[in-house]
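Okay, coords.txt is below, compact mmCIF, C-alpha atoms:
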```txt
# COMPACT_ATOMS: atom_id res chain seq x y z
CA MET A 271 139.95 79.20 -22.01
CA GLY A 272 140.71 75.53 -21.98
CA VAL A 273 141.75 73.06 -19.33
CA ASP A 274 145.51 73.01 -18.90
CA ILE A 275 146.42 71.11 -15.74
CA GLN A 276 148.79 68.19 -15.33
CA ILE A 277 147.52 65.23 -13.36
CA ASP A 278 150.59 63.70 -11.79
CA GLU A 279 148.94 60.84 -9.93
CA LEU A 280 145.61 59.76 -8.52
CA THR A 281 145.80 59.81 -4.74
CA PRO A 282 143.13 59.79 -1.99
CA CYS A 283 144.70 62.92 -0.48
CA LEU A 284 147.65 65.15 -1.34
CA VAL A 285 151.18 63.81 -1.08
CA GLU A 286 153.93 66.10 0.14
CA ARG A 287 156.75 65.52 -2.33
CA GLU A 288 159.61 66.30 0.05
CA THR A 289 158.53 63.84 2.76
CA GLY A 290 156.05 61.49 1.07
CA ASN A 291 153.54 62.31 3.82
CA ILE A 292 149.89 61.92 2.89
CA LEU A 293 147.88 64.96 3.94
CA SER A 294 144.11 65.11 4.33
CA THR A 295 142.32 67.72 2.27
CA VAL A 296 139.12 69.70 2.30
CA PHE A 297 137.37 71.57 -0.48
CA LYS A 298 135.18 74.65 -0.17
CA TYR A 299 133.73 77.43 -2.25
CA ALA A 300 136.38 80.02 -3.05
CA SER A 301 135.35 83.50 -1.95
CA ALA A 302 135.34 86.48 -4.31
CA ASP A 303 138.09 88.08 -2.22
CA GLU A 304 140.30 85.00 -2.55
CA LEU A 305 139.76 84.85 -6.30
CA ARG A 306 140.56 88.52 -6.85
CA GLY A 307 144.05 88.19 -5.37
CA LEU A 308 145.21 85.07 -7.22
CA LYS A 309 146.52 86.58 -10.47
CA ALA A 310 148.72 89.02 -8.52
CA ASN A 311 150.14 86.07 -6.57
CA GLY A 312 151.40 84.15 -9.59
CA TRP A 313 148.32 82.20 -10.68
CA ASN A 314 147.96 81.94 -14.46
CA PHE A 315 144.24 82.54 -14.87
CA ASN A 316 141.89 85.37 -14.04
CA TRP A 317 139.40 83.63 -11.76
CA THR A 318 137.08 86.65 -11.78
CA HIS A 319 136.69 86.69 -15.59
CA PRO A 320 133.07 87.16 -16.76
CA ASP A 321 133.26 83.82 -18.64
CA LEU A 322 133.19 82.16 -15.21
CA ASP A 323 129.92 83.84 -14.16
CA GLY A 324 127.41 81.18 -13.18
CA THR A 325 130.04 78.61 -12.28
CA ASN A 326 130.74 77.14 -8.88
CA ILE A 327 134.37 77.75 -7.98
CA TYR A 328 135.93 75.42 -5.44
CA LYS A 329 139.32 75.46 -3.76
CA VAL A 330 141.27 72.51 -2.38
CA GLN A 331 143.23 73.00 0.82
CA ILE A 332 145.12 70.81 3.22
CA GLU A 333 142.95 70.23 6.25
CA GLY A 334 143.76 72.84 8.90
CA ASP A 335 145.67 75.09 6.47
CA ASP A 336 144.23 78.11 4.62
CA GLU A 337 146.65 77.98 1.69
CA ILE A 338 144.90 77.15 -1.59
CA GLN A 339 146.41 74.15 -3.40
CA GLY A 340 144.19 74.25 -6.50
CA ILE A 341 140.94 75.64 -7.88
CA ILE A 342 138.24 74.32 -10.22
CA ALA A 343 135.29 76.02 -11.89
CA ALA A 344 132.33 73.70 -12.48
CA LYS A 345 128.99 74.53 -14.01
CA VAL A 346 125.89 72.37 -13.76
CA VAL A 347 124.33 72.16 -17.22
CA LYS A 348 121.64 69.93 -18.67
CA GLY A 349 122.74 66.35 -18.07
CA ALA A 350 126.34 67.00 -17.02
CA VAL A 351 128.87 69.19 -15.27
CA TYR A 352 130.99 71.39 -17.50
CA VAL A 353 134.51 72.28 -16.30
CA PRO A 354 135.71 75.48 -17.99
CA LEU A 355 138.84 75.98 -15.90
CA VAL A 356 141.13 74.11 -13.50
CA GLU A 357 144.41 75.31 -12.00
CA SER A 358 147.00 74.13 -9.50
CA ALA A 359 148.60 76.71 -7.23
CA PRO A 360 151.91 78.09 -8.55
CA HIS A 361 153.81 76.16 -5.87
CA ASN A 362 152.30 72.91 -7.19
CA LEU A 363 153.66 73.28 -10.73
CA GLY A 364 156.80 71.96 -12.36
CA LYS A 365 159.58 69.74 -11.08
CA SER A 366 159.87 71.50 -7.72
CA LYS A 367 156.17 71.41 -6.86
CA LYS A 368 155.18 70.97 -3.25
CA TYR A 369 152.30 68.45 -3.53
CA ASP A 370 151.22 65.65 -5.86
CA GLY A 371 147.58 64.79 -6.45
CA VAL A 372 146.06 68.26 -6.88
CA GLY A 373 144.78 67.88 -10.47
CA GLY A 374 143.00 64.59 -9.95
CA HIS A 375 141.50 65.90 -6.73
CA LEU A 376 139.99 68.86 -8.55
CA PHE A 377 138.39 66.68 -11.23
CA ALA A 378 136.99 64.41 -8.50
CA ILE A 379 135.12 67.43 -7.08
CA ALA A 380 133.44 68.01 -10.47
CA ILE A 381 132.55 64.31 -10.69
CA LYS A 382 131.03 64.41 -7.20
CA LEU A 383 128.99 67.48 -8.19
CA SER A 384 127.76 65.56 -11.22
CA VAL A 385 126.73 62.58 -9.09
CA LEU A 386 124.89 64.80 -6.60
CA ASN A 387 122.97 66.40 -9.46
CA GLY A 388 121.86 63.04 -10.82
CA PHE A 389 124.23 62.91 -13.82
CA GLY A 390 126.11 59.78 -12.74
CA GLY A 391 129.49 61.51 -12.62
CA PHE A 392 129.43 62.60 -16.27
CA ILE A 393 131.63 65.68 -16.83
CA TYR A 394 133.06 67.40 -19.87
CA PHE A 395 135.73 69.99 -20.55
CA ASP A 396 137.85 71.48 -23.33
CA ALA A 397 141.51 70.50 -23.24
CA LYS A 398 143.93 73.17 -24.35
CA ASN A 399 145.93 71.14 -26.90
CA THR A 400 146.62 67.71 -28.40
CA GLU A 401 149.21 66.76 -25.79
CA LEU A 402 146.70 67.37 -23.01
CA VAL A 403 144.06 65.32 -24.83
CA GLU A 404 146.42 62.33 -24.62
CA HIS A 405 147.29 63.14 -21.01
CA TYR A 406 143.60 63.24 -19.95
CA ARG A 407 142.91 60.00 -21.84
CA LYS A 408 145.66 58.29 -19.91
CA MET A 409 145.10 59.82 -16.46
CA LEU A 410 141.31 60.31 -16.34
CA GLY A 411 140.06 57.82 -18.91
CA ALA A 412 138.54 60.80 -20.74
CA GLU A 413 137.43 60.53 -24.36
CA CYS A 414 137.76 63.17 -27.05
CA LEU A 415 134.42 64.03 -28.66
CA GLY A 416 135.86 66.00 -31.57
CA PHE A 417 132.92 68.37 -31.93
CA TYR A 418 131.76 71.69 -30.43
CA HIS A 419 135.40 72.32 -29.59
CA GLU A 420 138.45 70.77 -31.22
CA TYR A 421 139.59 69.22 -27.93
CA ARG A 422 136.25 68.68 -26.14
CA MET A 423 136.56 65.73 -23.79
CA GLN A 424 134.22 63.81 -21.55
CA VAL A 425 134.50 61.45 -18.63
CA GLU A 426 131.57 59.07 -18.77
CA THR A 427 129.79 57.54 -15.79
CA GLU A 428 131.67 54.25 -15.45
CA GLN A 429 135.11 55.86 -15.57
CA ALA A 430 133.97 58.82 -13.45
CA LEU A 431 132.77 56.55 -10.65
CA LYS A 432 136.09 54.64 -10.73
CA LEU A 433 137.95 57.96 -10.33
CA LEU A 434 135.65 59.11 -7.55
CA LYS A 435 136.42 55.97 -5.53
CA GLU A 436 140.10 57.00 -5.46
CA TYR A 437 139.43 60.16 -3.44
CA THR A 438 138.61 61.08 0.12
CA LEU A 439 136.57 64.21 -0.52
CA LYS A 440 135.70 66.28 2.52
CA GLY A 441 133.69 69.37 1.73
CA GLU A 442 130.36 70.76 0.67
CA LEU A 443 129.05 71.24 -2.82
```
Reformat the file's structure so that it appears as structure tokens.
Amino acid sequence: MGVDIQIDELTPCLVERETGNILSTVFKYASADELRGLKANGWNFNWTHPDLDGTNIYKVQIEGDDEIQGIIAAKVVKGAVYVPLVESAPHNLGKSKKYDGVGGHLFAIAIKLSVLNGFGGFIYFDAKNTELVEHYRKMLGAECLGFYHEYRMQVETEQALKLLKEYTLKGEL
């Protein structure tokens, strides 16, 4: 695995690219039925893979709309929240994507989970490659640890809390 999501901008809610409208979001647990159908509908990752057992999997949606805009897997571990996988919906990828702000929103959910578990917002994840390491440094203020995994990164408390302030997160963890 490895985290491979582009963070286009940090926005309190999602921004519809065509109109510039800001749309309120909500996050919820993704059901097993929803996860099973994703790969067949163009999603890149298998969200029912056994490596994700024991993780909390959340979906981001526009308030009042059932379409999934992005998904994150987050696992509470000793002292932090580990993020093994994050993905934007296929319609939110590339130059013709529908909404901006999905990637940052997903990481904000993991940070909120960390805060609620008493870890101060501290999260870590494994970036997929060198280019993404630089991207996450720039967009999230993440730091590369350089051990356990070649591209293991962390977002420490101070930076995590700054990121969390950017988002209007409606949902339950």
Exercise for review: Mind checking which residues fall within 12 Å of Asn387 of chain A, counting only C-alpha atoms, ignoring those fewer than 3 positions away in the same chain, and posting them as a VMD selection string?
Suggested key: chain A and resid 345 to 351 380 to 384 390 to 393 443
Check your understanding: From the list A:Leu284, A:Leu376, A:Leu355, A:Leu293, which residue is nearest Lys329 of chain A when using only C-alpha atoms?
Key -> A:Leu376
Check your understanding: Residues at most 8 Å from Phe395 of chain A, counting only C-alpha atoms, excluding those fewer than 2 positions away in the same chain, as a count of residues only?
Key -> 10
Point to revise | Nearest-residue call for Asp321 of chain A, choices A:Ala344, A:Tyr421, A:Ser366, A:Glu333, using all atoms listed in the file | key: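 With all atoms listed in the file as the atom set, the closest residue is A:Ala344.
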Review point. By how many Å are atom CA of Glu357 of chain A and atom CA of Ile342 of chain A apart?
Key: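 Atom CA of Ile342 of chain A lies at a distance of 6.5 Å from atom CA of Glu357 of chain A.
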Could you put an axis-aligned box around every listed atom of segment 365-374 of chain A, padded by 4 Å on each side, and send me its centre and edge lengths in Å to one decimal, as AutoDock Vina command-line options?
```
--center_x 151.4 --center_y 68.0 --center_z -7.2 --size_x 24.9 --size_y 14.9 --size_z 15.8
```
Review point. Do you know which residues are at most 7 Å from Lys298 of chain A counting only C-alpha atoms, after dropping those on the same chain fewer than 2 positions away, and could you put them as a VMD selection string?
Key: chain A and resid 296 300 328 to 330 441 to 442
**Study point:** Residue among A:Thr295, A:Thr400, A:Asn314, A:Thr289 lying closest to His361 of chain A, counting only C-alpha atoms
**Key:** A:Asn314
**Study point:** Counting all atoms listed in the file, the residue of A:Thr318, A:Glu428, A:Asn362, A:Glu288 that sits nearest Leu305 of chain A
**Key:** A:Thr318
